[in-house]
>>> print(open('structure-v8.txt').read())   # compact mmCIF, N, CA and C atoms
# COMPACT_ATOMS: atom_id res chain seq x y z
N MET O 1 0.85 -1.18 0.00
CA MET O 1 0.00 0.00 0.00
C MET O 1 0.89 1.24 0.00
N ASP O 2 0.45 2.26 -0.67
CA ASP O 2 1.22 3.49 -0.78
C ASP O 2 0.57 4.57 0.07
N HIS O 3 0.61 4.39 1.36
CA HIS O 3 -0.02 5.35 2.27
C HIS O 3 0.71 6.68 2.28
N ALA O 4 1.96 6.69 1.85
CA ALA O 4 2.73 7.93 1.84
C ALA O 4 2.36 8.83 0.67
N LEU O 5 1.68 8.29 -0.34
CA LEU O 5 1.28 9.09 -1.49
C LEU O 5 0.05 9.90 -1.15
N LYS O 6 0.04 11.14 -1.61
CA LYS O 6 -1.15 11.97 -1.43
C LYS O 6 -1.26 12.92 -2.59
N VAL O 7 -2.47 13.35 -2.86
CA VAL O 7 -2.73 14.30 -3.93
C VAL O 7 -2.74 15.68 -3.32
N THR O 8 -1.94 16.58 -3.89
CA THR O 8 -1.83 17.94 -3.37
C THR O 8 -1.60 18.90 -4.52
N GLY O 9 -2.00 20.13 -4.33
CA GLY O 9 -1.84 21.11 -5.38
C GLY O 9 -0.62 22.00 -5.21
N GLY O 10 0.10 21.87 -4.14
CA GLY O 10 1.27 22.70 -3.92
C GLY O 10 2.25 22.00 -3.01
N GLY O 11 3.44 22.52 -2.95
CA GLY O 11 4.44 21.92 -2.06
C GLY O 11 5.66 21.47 -2.81
N THR O 12 6.44 20.64 -2.16
CA THR O 12 7.67 20.13 -2.75
C THR O 12 7.54 18.64 -3.02
N GLY O 13 8.45 18.12 -3.79
CA GLY O 13 8.44 16.71 -4.10
C GLY O 13 7.29 16.31 -5.01
N LEU O 14 6.86 17.22 -5.86
CA LEU O 14 5.73 16.95 -6.74
C LEU O 14 6.19 16.35 -8.06
N ILE O 15 5.30 15.64 -8.71
CA ILE O 15 5.60 15.09 -10.02
C ILE O 15 4.50 15.50 -10.99
N GLY O 16 4.85 15.59 -12.25
CA GLY O 16 3.86 15.88 -13.26
C GLY O 16 3.10 14.62 -13.64
N HIS O 17 2.00 14.78 -14.30
CA HIS O 17 1.20 13.65 -14.75
C HIS O 17 0.84 12.70 -13.62
N ALA O 18 0.44 13.27 -12.48
CA ALA O 18 0.11 12.44 -11.32
C ALA O 18 -1.03 11.48 -11.61
N GLY O 19 -1.87 11.79 -12.58
CA GLY O 19 -2.96 10.89 -12.92
C GLY O 19 -2.46 9.52 -13.34
N ALA O 20 -1.27 9.46 -13.93
CA ALA O 20 -0.70 8.17 -14.32
C ALA O 20 -0.37 7.34 -13.09
N VAL O 21 0.08 8.01 -12.04
CA VAL O 21 0.37 7.31 -10.79
C VAL O 21 -0.92 6.72 -10.23
N LEU O 22 -1.98 7.53 -10.23
CA LEU O 22 -3.26 7.04 -9.71
C LEU O 22 -3.80 5.89 -10.54
N LEU O 23 -3.64 5.96 -11.85
CA LEU O 23 -4.07 4.87 -12.74
C LEU O 23 -3.31 3.59 -12.41
N ARG O 24 -2.00 3.70 -12.32
CA ARG O 24 -1.16 2.52 -12.02
C ARG O 24 -1.50 1.96 -10.65
N LYS O 25 -1.62 2.82 -9.65
CA LYS O 25 -1.90 2.35 -8.29
C LYS O 25 -3.30 1.76 -8.18
N THR O 26 -4.24 2.27 -8.95
CA THR O 26 -5.59 1.70 -8.96
C THR O 26 -5.53 0.28 -9.54
N ALA O 27 -4.79 0.11 -10.62
CA ALA O 27 -4.63 -1.23 -11.20
C ALA O 27 -3.97 -2.17 -10.19
N ASP O 28 -2.99 -1.66 -9.46
CA ASP O 28 -2.32 -2.48 -8.44
C ASP O 28 -3.31 -2.88 -7.35
N GLN O 29 -4.04 -1.90 -6.81
CA GLN O 29 -4.97 -2.15 -5.72
C GLN O 29 -6.15 -3.03 -6.15
N ALA O 30 -6.56 -2.91 -7.39
CA ALA O 30 -7.67 -3.73 -7.90
C ALA O 30 -7.24 -5.17 -8.15
N GLY O 31 -5.95 -5.42 -8.12
CA GLY O 31 -5.44 -6.75 -8.38
C GLY O 31 -5.17 -7.02 -9.85
N LEU O 32 -5.39 -6.01 -10.70
CA LEU O 32 -5.20 -6.21 -12.14
C LEU O 32 -3.73 -6.44 -12.49
N THR O 33 -2.83 -5.67 -11.89
CA THR O 33 -1.41 -5.83 -12.20
C THR O 33 -0.94 -7.24 -11.86
N ALA O 34 -1.27 -7.70 -10.66
CA ALA O 34 -0.85 -9.04 -10.24
C ALA O 34 -1.51 -10.12 -11.10
N ALA O 35 -2.78 -9.93 -11.45
CA ALA O 35 -3.48 -10.92 -12.28
C ALA O 35 -2.86 -10.99 -13.67
N LEU O 36 -2.51 -9.84 -14.24
CA LEU O 36 -1.86 -9.85 -15.55
C LEU O 36 -0.47 -10.48 -15.46
N SER O 37 0.23 -10.20 -14.37
CA SER O 37 1.56 -10.80 -14.18
C SER O 37 1.46 -12.31 -14.18
N ALA O 38 0.48 -12.84 -13.44
CA ALA O 38 0.30 -14.29 -13.39
C ALA O 38 -0.13 -14.85 -14.75
N ALA O 39 -1.02 -14.14 -15.43
CA ALA O 39 -1.51 -14.60 -16.72
C ALA O 39 -0.39 -14.64 -17.76
N LEU O 40 0.53 -13.70 -17.69
CA LEU O 40 1.59 -13.60 -18.71
C LEU O 40 2.87 -14.34 -18.31
N ARG O 41 2.83 -15.05 -17.21
CA ARG O 41 3.99 -15.82 -16.78
C ARG O 41 4.18 -16.99 -17.74
N LYS O 42 5.40 -17.15 -18.19
CA LYS O 42 5.74 -18.21 -19.13
C LYS O 42 6.77 -19.11 -18.48
N ALA O 43 6.48 -20.39 -18.40
CA ALA O 43 7.39 -21.35 -17.77
C ALA O 43 8.77 -21.28 -18.42
N GLY O 44 9.77 -21.33 -17.59
CA GLY O 44 11.14 -21.35 -18.08
C GLY O 44 11.72 -19.99 -18.43
N THR O 45 10.96 -18.91 -18.18
CA THR O 45 11.49 -17.58 -18.47
C THR O 45 11.53 -16.78 -17.18
N SER O 46 12.40 -15.80 -17.18
CA SER O 46 12.54 -14.93 -16.02
C SER O 46 12.83 -13.51 -16.53
N PRO O 47 11.78 -12.81 -16.97
CA PRO O 47 12.01 -11.47 -17.53
C PRO O 47 12.52 -10.50 -16.45
N LEU O 48 13.33 -9.55 -16.88
CA LEU O 48 13.86 -8.56 -15.94
C LEU O 48 12.74 -7.68 -15.39
N LEU O 49 11.74 -7.39 -16.20
CA LEU O 49 10.62 -6.57 -15.75
C LEU O 49 9.34 -7.39 -15.91
N ASP O 50 8.57 -7.42 -14.86
CA ASP O 50 7.30 -8.14 -14.83
C ASP O 50 6.42 -7.68 -15.99
N ARG O 51 5.86 -8.65 -16.72
CA ARG O 51 5.05 -8.32 -17.90
C ARG O 51 3.73 -7.64 -17.55
N GLY O 52 3.16 -7.96 -16.39
CA GLY O 52 1.94 -7.28 -15.95
C GLY O 52 2.21 -5.81 -15.72
N ILE O 53 3.33 -5.50 -15.07
CA ILE O 53 3.72 -4.11 -14.85
C ILE O 53 3.97 -3.43 -16.19
N ALA O 54 4.58 -4.14 -17.13
CA ALA O 54 4.85 -3.55 -18.45
C ALA O 54 3.54 -3.15 -19.13
N LEU O 55 2.53 -4.03 -19.11
CA LEU O 55 1.27 -3.70 -19.77
C LEU O 55 0.54 -2.56 -19.07
N ILE O 56 0.51 -2.57 -17.75
CA ILE O 56 -0.15 -1.49 -17.01
C ILE O 56 0.60 -0.18 -17.23
N SER O 57 1.91 -0.24 -17.30
CA SER O 57 2.70 0.96 -17.57
C SER O 57 2.38 1.52 -18.94
N MET O 58 2.22 0.65 -19.93
CA MET O 58 1.88 1.11 -21.28
C MET O 58 0.50 1.74 -21.28
N ALA O 59 -0.44 1.15 -20.53
CA ALA O 59 -1.78 1.74 -20.44
C ALA O 59 -1.70 3.13 -19.83
N ALA O 60 -0.87 3.30 -18.81
CA ALA O 60 -0.71 4.62 -18.20
C ALA O 60 -0.09 5.60 -19.20
N ALA O 61 0.89 5.13 -19.97
CA ALA O 61 1.51 5.99 -20.98
C ALA O 61 0.49 6.41 -22.03
N ILE O 62 -0.38 5.49 -22.44
CA ILE O 62 -1.43 5.82 -23.41
C ILE O 62 -2.35 6.88 -22.83
N ALA O 63 -2.68 6.75 -21.55
CA ALA O 63 -3.54 7.75 -20.90
C ALA O 63 -2.88 9.13 -20.90
N LEU O 64 -1.55 9.15 -20.93
CA LEU O 64 -0.81 10.42 -20.98
C LEU O 64 -0.58 10.90 -22.41
N GLY O 65 -1.06 10.14 -23.40
CA GLY O 65 -0.95 10.59 -24.78
C GLY O 65 -0.01 9.79 -25.65
N ALA O 66 0.56 8.70 -25.14
CA ALA O 66 1.46 7.88 -25.96
C ALA O 66 0.72 7.33 -27.17
N THR O 67 1.39 7.34 -28.31
CA THR O 67 0.80 6.81 -29.53
C THR O 67 1.64 5.69 -30.14
N SER O 68 2.78 5.39 -29.53
CA SER O 68 3.62 4.29 -29.99
C SER O 68 4.33 3.68 -28.78
N MET O 69 4.90 2.50 -28.99
CA MET O 69 5.58 1.82 -27.89
C MET O 69 6.75 2.64 -27.36
N SER O 70 7.43 3.36 -28.21
CA SER O 70 8.57 4.15 -27.75
C SER O 70 8.14 5.31 -26.86
N ASP O 71 6.86 5.67 -26.92
CA ASP O 71 6.36 6.75 -26.07
C ASP O 71 6.27 6.34 -24.60
N ILE O 72 6.63 5.10 -24.28
CA ILE O 72 6.67 4.66 -22.89
C ILE O 72 7.62 5.58 -22.10
N ALA O 73 8.52 6.25 -22.79
CA ALA O 73 9.47 7.16 -22.16
C ALA O 73 8.77 8.29 -21.42
N VAL O 74 7.48 8.55 -21.74
CA VAL O 74 6.74 9.60 -21.05
C VAL O 74 6.65 9.31 -19.55
N LEU O 75 6.85 8.05 -19.15
CA LEU O 75 6.78 7.69 -17.74
C LEU O 75 8.10 7.87 -16.99
N ALA O 76 9.15 8.27 -17.70
CA ALA O 76 10.47 8.37 -17.08
C ALA O 76 10.48 9.28 -15.86
N HIS O 77 9.73 10.37 -15.91
CA HIS O 77 9.75 11.30 -14.77
C HIS O 77 8.98 10.76 -13.56
N LEU O 78 8.30 9.62 -13.71
CA LEU O 78 7.58 9.01 -12.59
C LEU O 78 8.41 7.93 -11.89
N THR O 79 9.66 7.76 -12.30
CA THR O 79 10.53 6.74 -11.73
C THR O 79 10.59 6.79 -10.20
N PRO O 80 10.65 7.96 -9.57
CA PRO O 80 10.72 7.96 -8.10
C PRO O 80 9.50 7.32 -7.43
N VAL O 81 8.37 7.30 -8.11
CA VAL O 81 7.15 6.75 -7.53
C VAL O 81 6.87 5.34 -8.05
N LEU O 82 7.01 5.13 -9.35
CA LEU O 82 6.62 3.85 -9.96
C LEU O 82 7.78 2.92 -10.25
N GLY O 83 8.99 3.39 -10.09
CA GLY O 83 10.14 2.59 -10.48
C GLY O 83 10.46 2.84 -11.95
N GLN O 84 11.50 2.19 -12.41
CA GLN O 84 11.98 2.36 -13.78
C GLN O 84 10.89 1.99 -14.79
N ALA O 85 10.67 2.86 -15.75
CA ALA O 85 9.70 2.56 -16.82
C ALA O 85 10.28 1.48 -17.72
N PRO O 86 9.43 0.62 -18.26
CA PRO O 86 9.93 -0.40 -19.19
C PRO O 86 10.46 0.26 -20.46
N SER O 87 11.35 -0.42 -21.13
CA SER O 87 11.88 0.08 -22.39
C SER O 87 10.92 -0.27 -23.52
N GLY O 88 11.11 0.36 -24.67
CA GLY O 88 10.32 0.05 -25.84
C GLY O 88 10.39 -1.43 -26.21
N PRO O 89 11.61 -2.02 -26.26
CA PRO O 89 11.71 -3.44 -26.59
C PRO O 89 11.00 -4.34 -25.56
N THR O 90 11.03 -3.96 -24.28
CA THR O 90 10.33 -4.74 -23.26
C THR O 90 8.83 -4.69 -23.51
N ILE O 91 8.32 -3.52 -23.86
CA ILE O 91 6.90 -3.38 -24.18
C ILE O 91 6.56 -4.23 -25.39
N ARG O 92 7.41 -4.21 -26.40
CA ARG O 92 7.16 -5.00 -27.62
C ARG O 92 7.08 -6.49 -27.28
N ARG O 93 8.01 -6.99 -26.47
CA ARG O 93 8.00 -8.41 -26.10
C ARG O 93 6.73 -8.76 -25.31
N ALA O 94 6.35 -7.88 -24.38
CA ALA O 94 5.14 -8.12 -23.59
C ALA O 94 3.90 -8.13 -24.47
N LEU O 95 3.82 -7.19 -25.41
CA LEU O 95 2.66 -7.13 -26.31
C LEU O 95 2.65 -8.31 -27.27
N ASP O 96 3.82 -8.72 -27.76
CA ASP O 96 3.89 -9.90 -28.64
C ASP O 96 3.36 -11.13 -27.92
N LEU O 97 3.77 -11.30 -26.68
CA LEU O 97 3.31 -12.44 -25.89
C LEU O 97 1.81 -12.32 -25.61
N ALA O 98 1.37 -11.13 -25.23
CA ALA O 98 -0.04 -10.91 -24.89
C ALA O 98 -0.96 -11.09 -26.09
N GLY O 99 -0.44 -10.99 -27.29
CA GLY O 99 -1.26 -11.08 -28.49
C GLY O 99 -1.55 -12.49 -28.96
N THR O 100 -0.94 -13.47 -28.33
CA THR O 100 -1.22 -14.85 -28.76
C THR O 100 -2.60 -15.27 -28.27
N PRO O 101 -3.28 -16.14 -29.01
CA PRO O 101 -4.65 -16.54 -28.61
C PRO O 101 -4.73 -17.08 -27.18
N ALA O 102 -3.79 -17.93 -26.79
CA ALA O 102 -3.83 -18.51 -25.44
C ALA O 102 -3.68 -17.42 -24.38
N MET O 103 -2.79 -16.47 -24.63
CA MET O 103 -2.57 -15.40 -23.66
C MET O 103 -3.76 -14.43 -23.62
N ARG O 104 -4.38 -14.19 -24.77
CA ARG O 104 -5.55 -13.29 -24.77
C ARG O 104 -6.65 -13.86 -23.88
N ASP O 105 -6.82 -15.17 -23.91
CA ASP O 105 -7.82 -15.81 -23.06
C ASP O 105 -7.43 -15.68 -21.58
N ARG O 106 -6.16 -15.90 -21.28
CA ARG O 106 -5.70 -15.77 -19.90
C ARG O 106 -5.84 -14.33 -19.41
N ILE O 107 -5.57 -13.37 -20.28
CA ILE O 107 -5.71 -11.95 -19.92
C ILE O 107 -7.18 -11.63 -19.67
N ALA O 108 -8.07 -12.15 -20.49
CA ALA O 108 -9.50 -11.90 -20.30
C ALA O 108 -9.96 -12.43 -18.94
N ARG O 109 -9.49 -13.61 -18.57
CA ARG O 109 -9.86 -14.17 -17.26
C ARG O 109 -9.27 -13.32 -16.13
N ALA O 110 -8.05 -12.83 -16.29
CA ALA O 110 -7.42 -11.98 -15.27
C ALA O 110 -8.20 -10.68 -15.10
N ARG O 111 -8.61 -10.09 -16.22
CA ARG O 111 -9.41 -8.85 -16.16
C ARG O 111 -10.75 -9.10 -15.47
N ALA O 112 -11.36 -10.23 -15.77
CA ALA O 112 -12.65 -10.56 -15.15
C ALA O 112 -12.51 -10.73 -13.64
N ARG O 113 -11.43 -11.37 -13.19
CA ARG O 113 -11.20 -11.52 -11.74
C ARG O 113 -11.01 -10.17 -11.08
N ALA O 114 -10.22 -9.30 -11.70
CA ALA O 114 -9.99 -7.97 -11.13
C ALA O 114 -11.29 -7.16 -11.11
N ARG O 115 -12.06 -7.23 -12.18
CA ARG O 115 -13.34 -6.51 -12.26
C ARG O 115 -14.30 -7.00 -11.17
N ALA O 116 -14.38 -8.32 -10.95
CA ALA O 116 -15.25 -8.87 -9.91
C ALA O 116 -14.79 -8.40 -8.54
N HIS O 117 -13.48 -8.35 -8.33
CA HIS O 117 -12.94 -7.87 -7.05
C HIS O 117 -13.33 -6.41 -6.81
N VAL O 118 -13.21 -5.58 -7.82
CA VAL O 118 -13.56 -4.17 -7.68
C VAL O 118 -15.05 -4.01 -7.38
N TRP O 119 -15.90 -4.77 -8.06
CA TRP O 119 -17.34 -4.68 -7.79
C TRP O 119 -17.66 -5.13 -6.37
N THR O 120 -16.96 -6.13 -5.88
CA THR O 120 -17.15 -6.54 -4.49
C THR O 120 -16.80 -5.40 -3.55
N LEU O 121 -15.70 -4.73 -3.81
CA LEU O 121 -15.31 -3.59 -2.97
C LEU O 121 -16.33 -2.46 -3.05
N ILE O 122 -16.81 -2.18 -4.25
CA ILE O 122 -17.80 -1.10 -4.42
C ILE O 122 -19.08 -1.44 -3.67
N LEU O 123 -19.52 -2.67 -3.79
CA LEU O 123 -20.78 -3.05 -3.15
C LEU O 123 -20.66 -3.13 -1.62
N GLN O 124 -19.43 -3.23 -1.12
CA GLN O 124 -19.21 -3.22 0.32
C GLN O 124 -19.03 -1.81 0.86
N ALA O 125 -18.90 -0.84 -0.03
CA ALA O 125 -18.68 0.55 0.38
C ALA O 125 -19.97 1.13 0.98
N PRO O 126 -19.83 2.18 1.78
CA PRO O 126 -21.02 2.82 2.35
C PRO O 126 -21.99 3.26 1.24
N PRO O 127 -23.29 3.28 1.53
CA PRO O 127 -24.30 3.59 0.52
C PRO O 127 -24.08 4.92 -0.21
N GLY O 128 -23.55 5.92 0.43
CA GLY O 128 -23.34 7.21 -0.23
C GLY O 128 -22.42 7.10 -1.43
N PHE O 129 -21.44 6.21 -1.34
CA PHE O 129 -20.51 6.01 -2.44
C PHE O 129 -21.22 5.31 -3.60
N ARG O 130 -22.03 4.32 -3.28
CA ARG O 130 -22.71 3.57 -4.32
C ARG O 130 -23.79 4.38 -5.02
N GLY O 131 -24.24 5.45 -4.40
CA GLY O 131 -25.32 6.25 -4.96
C GLY O 131 -25.05 6.80 -6.33
N TRP O 132 -23.79 7.00 -6.67
CA TRP O 132 -23.48 7.55 -7.99
C TRP O 132 -23.60 6.51 -9.09
N LEU O 133 -23.70 5.23 -8.73
CA LEU O 133 -23.89 4.20 -9.75
C LEU O 133 -25.32 4.27 -10.25
N SER O 134 -25.52 4.20 -11.53
CA SER O 134 -26.85 4.36 -12.11
C SER O 134 -27.86 3.35 -11.57
N GLN O 135 -27.70 2.12 -11.86
CA GLN O 135 -28.63 1.08 -11.37
C GLN O 135 -27.84 -0.09 -10.82
N GLY O 136 -26.76 0.19 -10.16
CA GLY O 136 -25.94 -0.89 -9.59
C GLY O 136 -24.98 -1.45 -10.61
N ARG O 137 -24.71 -2.70 -10.46
CA ARG O 137 -23.70 -3.38 -11.26
C ARG O 137 -24.15 -3.54 -12.71
N PRO O 138 -23.28 -3.14 -13.67
CA PRO O 138 -23.63 -3.32 -15.09
C PRO O 138 -23.61 -4.78 -15.50
>>> encode(input="structure-v8.txt", output="structure tokens")
Amino acid sequence: MDHALKVTGGGTGLIGHAGAVLLRKTADQAGLTAALSAALRKAGTSPLLDRGIALISMAAAIALGATSMSDIAVLAHLTPVLGQAPSGPTIRRALDLAGTPAMRDRIARARARARAHVWTLILQAPPGFRGWLSQGRP
């Protein structure tokens, strides 16, 4: 848990594009990062950077405006919070692996588990929080 992180409009030790941090940390807390990591694990390999983190990092980069794999560099200034951003070749390898039919199915199951976990958390939240949901669970 990142209890030391907080959203603030002024002060020192600030980073730009803080929304990417919130996106990444939400994926972590929802269990999506870990589920993708498990889904993309390949027997007999030991990648330097976890493939689940690589995919979530690319999603965060896209949210910041990335239009190609090399744009992952947009996350470089977030290194103090998120750790080293994956390289373009690392992203390419993760996406190549994720694009295979077997992996797409595993990724879909991982996303479904994370989505179910988030809905469980939402439905356990106090009623005031749930009030913004239109008619409950879609």
>>> closest_residue(input="structure-v8.txt", among="O:Lys42, O:Asp105, O:Ala54, O:Thr79", to="Ile91 (chain O)", atoms="all atoms listed in the file")
O:Ala54
>>> residues_around(input="structure-v8.txt", residues="region 19-32 of chain O", least_positions_apart="6", cutoff="6.5 Å", atoms="only N, CA and C atoms", output="PyMOL selection string")
chain O and resi 56+60+110-111+114+117-118
>>> write_last_selection(input="structure-v8.txt", atoms="N, CA and C atoms", output="short mmCIF file (atom, residue, chain, number, x, y, z; two decimals), in the frame of the given file")
data_model
loop_
_atom_site.label_atom_id
_atom_site.label_comp_id
_atom_site.auth_asym_id
_atom_site.auth_seq_id
_atom_site.Cartn_x
_atom_site.Cartn_y
_atom_site.Cartn_z
N ILE O 56 0.51 -2.57 -17.75
CA ILE O 56 -0.15 -1.49 -17.01
C ILE O 56 0.60 -0.18 -17.23
N ALA O 60 -0.87 3.30 -18.81
CA ALA O 60 -0.71 4.62 -18.20
C ALA O 60 -0.09 5.60 -19.20
N ALA O 110 -8.05 -12.83 -16.29
CA ALA O 110 -7.42 -11.98 -15.27
C ALA O 110 -8.20 -10.68 -15.10
N ARG O 111 -8.61 -10.09 -16.22
CA ARG O 111 -9.41 -8.85 -16.16
C ARG O 111 -10.75 -9.10 -15.47
N ALA O 114 -10.22 -9.30 -11.70
CA ALA O 114 -9.99 -7.97 -11.13
C ALA O 114 -11.29 -7.16 -11.11
N HIS O 117 -13.48 -8.35 -8.33
CA HIS O 117 -12.94 -7.87 -7.05
C HIS O 117 -13.33 -6.41 -6.81
N VAL O 118 -13.21 -5.58 -7.82
CA VAL O 118 -13.56 -4.17 -7.68
C VAL O 118 -15.05 -4.01 -7.38
#
>>> closest_residue(input="structure-v8.txt", among="O:Ser57, O:Ala43, O:Ser37, O:Ile62", to="Pro86 (chain O)", atoms="all atoms listed in the file")
O:Ser57
>>> residues_around(input="structure-v8.txt", residues="Gly88 (chain O)", least_positions_apart="6", cutoff="6.5 Å", atoms="all atoms listed in the file", output="PDB file with N, CA and C atoms, in the frame of the given file")
ATOM      1  N   MET O  69       4.900   2.500 -28.990  1.00  0.00           N
ATOM      2  CA  MET O  69       5.580   1.820 -27.890  1.00  0.00           C
ATOM      3  C   MET O  69       6.750   2.640 -27.360  1.00  0.00           C
ATOM      4  N   SER O  70       7.430   3.360 -28.210  1.00  0.00           N
ATOM      5  CA  SER O  70       8.570   4.150 -27.750  1.00  0.00           C
ATOM      6  C   SER O  70       8.140   5.310 -26.860  1.00  0.00           C
ATOM      7  N   ILE O  72       6.630   5.100 -24.280  1.00  0.00           N
ATOM      8  CA  ILE O  72       6.670   4.660 -22.890  1.00  0.00           C
ATOM      9  C   ILE O  72       7.620   5.580 -22.100  1.00  0.00           C
TER      10      ILE O  72
END
>>> closest_residue(input="structure-v8.txt", among="O:Leu64, O:Ala125, O:Ala85, O:Ala35", to="Arg113 (chain O)", atoms="all atoms listed in the file")
O:Ala35
